[in-house]
Amino acid sequence: MIEAHSKRQKILEYTVLLLLTAFILIPFALGFWTSFLPTADISKGALWSSHLSFDNYVAAITQTPIIRYLFNSLVISLLTMLAQLLFCSMSAYAFVFLKFKGRDGLFYLVLATMMLPFEAEVIPNFATVRSLNLLNHYAVMVVPFLTSAFGIFMLRQAFLQIPAEVKEAADVEGLSHWQFYGKVVLPYSRISLLTLAAYSFLASWNQYLWPMLTTFSDNFRPVQDGLRQLQSQETFNNWGMIQASAAIVVIPTLLVLFIGQHYFKSGLNEGAVK
């Protein structure tokens with residue numbers, strides 16, 4: 001009786017998971033399939049054509065600045081990711097291993113900024129970068145996001161898991177804060193650092209509102225704003241090419257998720273072995 005109930009429960013759970021998976025993947029698969037259809041068939045609402053080809057992808061690469069958009073997003077996302085890894089880890093280290101007056105109060109103040117929606121920060125940030133003459137430059141996409149309260153909070157929680165005996169042993173060995181930070185803390189928290197790296201990269205890659213307000217040319221425009229730009233140019237009616245461009249844009253994010261998952265599992269396996 002118990003085994004039958006357990007089997008029914010598992011069947012129900014897997015059925016729900018399959019339905020949710022289909023709900024998520026079907027729109028993506030439909031968009032990917034559409035990228036191979038001629039624009040004329042897409043305009044008619046057809047989901048099948050005898051003229052499937054890579055013409056839309058060729059047109060996207062040769063007739064639009066999609067490669068430039070990808071390069072811009074890659075530069076911006078990598079710089080943002082590296083900056084957040086550095087500054088968030090340094091801040092988290094200070095909040096855990098350095099003792100100074102008002103440390104906890106300052107941390108809670110940083111944590112409180114997580115409750116502010118990004119839209120509330122747009123106007124003061126825009127006024128700041130404009131006064132610094134950073135508009136329409138890579139810097140305008142990186143400087144406001146050099147660190148994040150979420151990253152500091154996540155790494156602080158990871159650093160708190162390091163046993164106090166490890167810090168005491170490092171002090172006995174005469175390690176400086178920089179040596180302990182680089183040789184012990186960062187390797188010990190590798191999984192959290194990889195998680196923050198993937199999160200910050202994808203968050204920067206998927207930004208839309210901020211680049212729309214601060215970039216004005218294809219030389220610095222990232223992919224999300226670039227896709228919108230394609231629909232306002234002479235390619236407005238070429239939906240096949242726009243779908244192909246959107247599919248190209250998704251590829252880097254899938255690679256980041258796949259690589260991040262691989263290293264995350266590797267780190268868990270190593271931790272289990274230890």
# chains A, B, ... in the order shown; residues from 1 in each chain; ligands from 1
$ closest_atom_pairs --of "region 1-79 of chain A" --to "region 185-205 of chain A" --cutoff "8 Å" --atoms "only C-alpha atoms" --output "JSON lines"
{"residue": "A:Ser73", "atom": "CA", "partner": "A:Trp205", "partner_atom": "CA", "distance": 6.0}
{"residue": "A:Leu74", "atom": "CA", "partner": "A:Trp205", "partner_atom": "CA", "distance": 7.6}
{"residue": "A:Ile76", "atom": "CA", "partner": "A:Ser204", "partner_atom": "CA", "distance": 7.3}
{"residue": "A:Ser77", "atom": "CA", "partner": "A:Phe201", "partner_atom": "CA", "distance": 5.1}
{"residue": "A:Leu78", "atom": "CA", "partner": "A:Phe201", "partner_atom": "CA", "distance": 6.5}
$ write_last_selection --atoms "N, CA and C atoms" --output "CSV table (one decimal), in the first residue's frame"
chain,number,residue,atom,x,y,z
A,73,SER,N,28.6,43.5,-25.7
A,73,SER,CA,28.1,42.8,-24.5
A,73,SER,C,29.1,41.9,-23.8
A,74,LEU,N,29.9,41.3,-24.6
A,74,LEU,CA,30.9,40.4,-24.0
A,74,LEU,C,31.9,41.2,-23.2
A,76,ILE,N,31.5,44.3,-21.8
A,76,ILE,CA,30.8,44.8,-20.7
A,76,ILE,C,30.5,43.8,-19.6
A,77,SER,N,30.1,42.6,-20.0
A,77,SER,CA,29.7,41.6,-19.1
A,77,SER,C,31.0,41.0,-18.4
A,78,LEU,N,32.0,40.8,-19.1
A,78,LEU,CA,33.3,40.3,-18.5
A,78,LEU,C,33.9,41.3,-17.5
$ select_by_dssp --residues "region 13-221 of chain A" --states "alpha helix (DSSP H)" --output "JSON, numbers by chain"
{"A": [13, 14, 15, 16, 17, 18, 19, 20, 21, 22, 23, 24, 25, 26, 27, 28, 29, 30, 31, 32, 33, 34, 39, 40, 41, 42, 43, 55, 56, 57, 58, 59, 60, 61, 62, 63, 66, 67, 68, 69, 70, 71, 72, 73, 74, 75, 76, 77, 78, 79, 80, 81, 82, 83, 84, 85, 86, 87, 88, 89, 90, 91, 92, 93, 94, 95, 96, 97, 103, 104, 105, 106, 107, 108, 109, 110, 111, 112, 118, 119, 120, 121, 122, 123, 124, 125, 126, 127, 128, 129, 130, 131, 138, 139, 140, 141, 142, 149, 150, 151, 152, 153, 154, 155, 156, 157, 158, 159, 164, 165, 166, 167, 168, 169, 170, 171, 172, 173, 177, 178, 179, 180, 186, 187, 188, 190, 191, 192, 193, 194, 195, 196, 197, 198, 199, 200, 201, 202, 203, 204, 205, 209, 210, 211, 212, 213, 214]}
$ residues_around --residues "Ala244 (chain A)" --least-positions-apart "2" --cutoff "9 Å" --atoms "only C-alpha atoms" --output "MDAnalysis selection string"
chainID A and resid 31:32 34:36 54 56:60 239:242 246:249
$ closest_residue --among "A:Tyr14, A:Phe97, A:Trp210, A:Phe216" --to "Ala164 (chain A)" --atoms "only C-alpha atoms"
A:Phe97
$ atom_distance --atom1 "CA of Met212 (chain A)" --atom2 "CA of Phe258 (chain A)"
28.5 Å
$ closest_atom_pairs --of "region 193-243 of chain A" --to "region 117-135 of chain A" --cutoff "12 Å" --atoms "only C-alpha atoms" --output "CSV"
residue,atom,partner,partner_atom,distance
A:Gln207,CA,A:Phe118,CA,11.1
A:Tyr208,CA,A:Glu119,CA,11.8
A:Leu209,CA,A:Glu119,CA,8.8
A:Trp210,CA,A:Val122,CA,7.5
A:Pro211,CA,A:Leu135,CA,9.7
A:Met212,CA,A:Leu135,CA,11.1
A:Leu213,CA,A:Phe126,CA,8.2
A:Thr214,CA,A:Leu135,CA,5.4
A:Thr215,CA,A:Leu135,CA,6.5
A:Phe216,CA,A:Leu135,CA,8.4
A:Ser217,CA,A:Leu135,CA,10.6
A:Phe220,CA,A:Leu135,CA,9.9
A:Arg221,CA,A:Leu135,CA,11.2
